[in-house]
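To keep things clear, I will list the structure first and then write my remarks on it.
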Amino acid sequence: MTQTAAIVGGGHTRWGKRQATWKDLAQEAGKEAFDDAPITPDDVEGLFVSSVQPERFAFQSHVAPLVAELLGIDVDSMIARTELACASGQAALRYAWLAIAAGKLDVALVVGVEKMNLPDEHTEEMQSSMTNVVDREFDGANGLNAPSYFSLIAQRHMHEYGTTQEQLAAVSEKNKTHAANNPYAQFQKEIDVDDVLESYPIAPPLNLFDCSGITDGAAALVLVSEEKARELTDTAAYITGSGQSCMASNSINNLPSLSAWPQATVAAEKAYEQAGIDDPVKELDVAEIHDCFSISEIIEYEDLGWVEKGKGGRFVEEGRSALDGDIAVNPRGGLLGCGHPLGATGISQALEIYRQFIGDIPPERRVPGSPETGLIHNLSGSASVHSVMTLARDPQ
């Protein structure tokens with residue numbers, strides 16, 4: 001690859017339990033993206049739509065051409081829908097980046113959309129659809145869904161390393177407090193550690209506030225080639241590295257560990273190498289990582305190479321992931337605060353990094369100084385796949 005791609009704008013809907021259709025959400029995010037970016041629908045050559053289960057949640061398939069129609073885009077080069085469970089948004093972003101870097105596109109739009117909240121009479125359908133992400137015939141049939149799986153992860157990490165429930169709660173406190181200052185977030189109320197510890201038990205040691213929500217929402221990004229970005233703007237977020245890893249372990253019983261995600265380490269090392277990052281703690285200013293449950297963020301501190309194995313709980317406890325810490329982690333509020341519309345999450349994370357770079361963030365959750373480098377991370381399924389991408393204000 002002789003060039004990279006840059007984010008030059010984006011759009012975001014309010015996330016939560018929305019009185020809006022799947023199509024409404026796609027249009028809302030797309031319109032804001034075009035209002036924000038220095039391009040028009042006529043400029044778009046490629047469209048990448050991320051959506052995990054629209055067939056079950058919105059009863060709609062073939063969604064990429066649908067989004068093109070809704071946004072008035074005549075795609076003449078490349079169009080696709082991506083599905084990689086919770087990492088679908090980053091997958092769409094990655095494919096757009098690769099197409100631009102390979103010289104196949106100059107301008108691409110990436111849109112992530114989910115309408116996950118069904119009417120109350122369909123709650124069982126909504127919950128059962130979520131078990132499709134794991135091996136439904138084995139893991140799902142034996143009662144393993146996201147909360148029960150991540151409770152096993154938390155219990156094992158606590159057993160091996162002495163991680164405490166208070167440290168888990170510190171992750172939730174930090175991220176939900178950030179979300180209180182994010183107008184797009186599903187949950188906009190500051191909490192403290194005691195609030196987390198006293199919230200309803202879901203799957204011990206995880207309580208309600210340790211878990212991300214079922215969320216409707218959409219986000220969009222405009223990507224252009226490096227050359228075009230320099231023509232259009234002096235405020236962009238350039239993609240500098242990307243890595244993915246899956247260790248042939250979709251079923252929970254085949255995972256290599258219940259307290260570590262070596263595939264996260266592999267993905268991170270690939271991204272760091274491409275970006276020229278030798279010491280991520282010193283060289284990354286801001287990161288959006290996949291805190292679907294509070295334990296996830298703690299393990300990610302470790303397996304992304306930021307801290308010694310087993311010291312993730314201390315990393316948050318000591319304030320090293322706070323806005324003014326070593327790396328500002330999840331300043332938008334993470335999945336715990338923003339909610340988790342599966343296909344939109346990775347796109348929202350990248351939009352947050354871009355807006356942190358250009359300073360378009362409420363001061364209460366703005367990373368101090370002028371952040372120059374960032375990272376997004378997603379896990380998917382039973383944490384069997386990990387995706388990492390690095391970004392910078394200037395790729396040089």
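Chain identifiers are assigned as A, B, and so on, following the order in which chains appear in the structure tokens; residues are numbered from 1 within each chain, and ligands are numbered from 1 in order of appearance.
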Mind checking DSSP for segment 227-322 of chain A and telling me the alpha helix (DSSP H) residues as an MDAnalysis selection string?
-> chainID A and resid 227:232 262:275 280:283 294:303 312:317
Write out as a ChimeraX atom specification each polymer residue whose atoms come within 9 Å of segment 323-328 of chain A, counting only C-alpha atoms; drop sequence neighbours fewer than 5 positions from it.
-> /A:280-288,318,365-368
Compile the contact shell of Ser61 of chain A as a ChimeraX atom specification: residues with an atom at most 12 Å away, counting only C-alpha atoms, same-chain residues fewer than 6 positions apart removed.
-> /A:22-23,49,51-55,67,81
Using N, CA, C and O atoms, can you export the residues from the last selection as a CSV table (one decimal), in the first residue's frame?
chain,number,residue,atom,x,y,z
A,22,TRP,N,-35.1,1.4,11.8
A,22,TRP,CA,-33.7,1.2,11.3
A,22,TRP,C,-33.4,2.2,10.2
A,22,TRP,O,-32.3,2.8,10.2
A,23,LYS,N,-34.3,2.4,9.3
A,23,LYS,CA,-34.1,3.4,8.2
A,23,LYS,C,-33.9,4.8,8.7
A,23,LYS,O,-33.1,5.5,8.2
A,49,VAL,N,-21.6,-0.8,4.9
A,49,VAL,CA,-22.7,-0.7,5.9
A,49,VAL,C,-22.5,-1.9,6.9
A,49,VAL,O,-22.4,-3.0,6.5
A,51,SER,N,-24.0,-3.9,10.0
A,51,SER,CA,-25.2,-4.2,10.7
A,51,SER,C,-25.3,-5.7,11.0
A,51,SER,O,-25.0,-6.5,10.1
A,52,VAL,N,-25.5,-6.1,12.3
A,52,VAL,CA,-25.3,-7.5,12.7
A,52,VAL,C,-26.5,-8.4,12.4
A,52,VAL,O,-26.3,-9.4,11.7
A,53,GLN,N,-27.7,-8.0,12.9
A,53,GLN,CA,-28.8,-8.9,12.6
A,53,GLN,C,-30.0,-8.1,12.2
A,53,GLN,O,-31.1,-8.2,12.9
A,54,PRO,N,-30.0,-7.3,11.2
A,54,PRO,CA,-31.2,-6.6,10.8
A,54,PRO,C,-32.3,-7.5,10.3
A,54,PRO,O,-33.5,-7.2,10.4
A,55,GLU,N,-31.9,-8.7,9.9
A,55,GLU,CA,-33.0,-9.7,9.5
A,55,GLU,C,-33.9,-10.1,10.7
A,55,GLU,O,-35.1,-10.3,10.5
A,67,VAL,N,-29.3,1.5,2.2
A,67,VAL,CA,-28.7,2.8,2.8
A,67,VAL,C,-28.3,3.7,1.6
A,67,VAL,O,-28.5,4.9,1.7
A,81,ARG,N,-22.1,-5.0,2.8
A,81,ARG,CA,-22.4,-5.0,4.2
A,81,ARG,C,-21.4,-5.9,4.9
A,81,ARG,O,-21.0,-6.9,4.4
Spatial neighbours of Pro371 of chain A, max dist 9 Å, only C-alpha atoms, sep filter under 6 positions, as a PyMOL selection string = chain A and resi 284-286+353+356-359+392-393
With only C-alpha atoms as the basis for distance, which of A:Leu258, A:Leu221, A:Cys86, A:Leu304 is at the shortest distance from Glu352 of chain A?
->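 Counting only C-alpha atoms, the residue closest to Glu352 of chain A is A:Leu221.
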For Ser242 of chain A, which of A:Gly72, A:Gly16, A:Gly276, A:Gly313 is the closest residue, counting only C-alpha atoms?
->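 Of A:Gly72, A:Gly16, A:Gly276, A:Gly313, the one nearest Ser242 of chain A, counting only C-alpha atoms, is A:Gly276.
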Counting only C-alpha atoms, the option among A:Glu28, A:Asp74, A:Asp303, A:Asp234 closest to Thr40 of chain A |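 Residue with the minimum atom-to-atom distance to Thr40 of chain A: A:Asp74.
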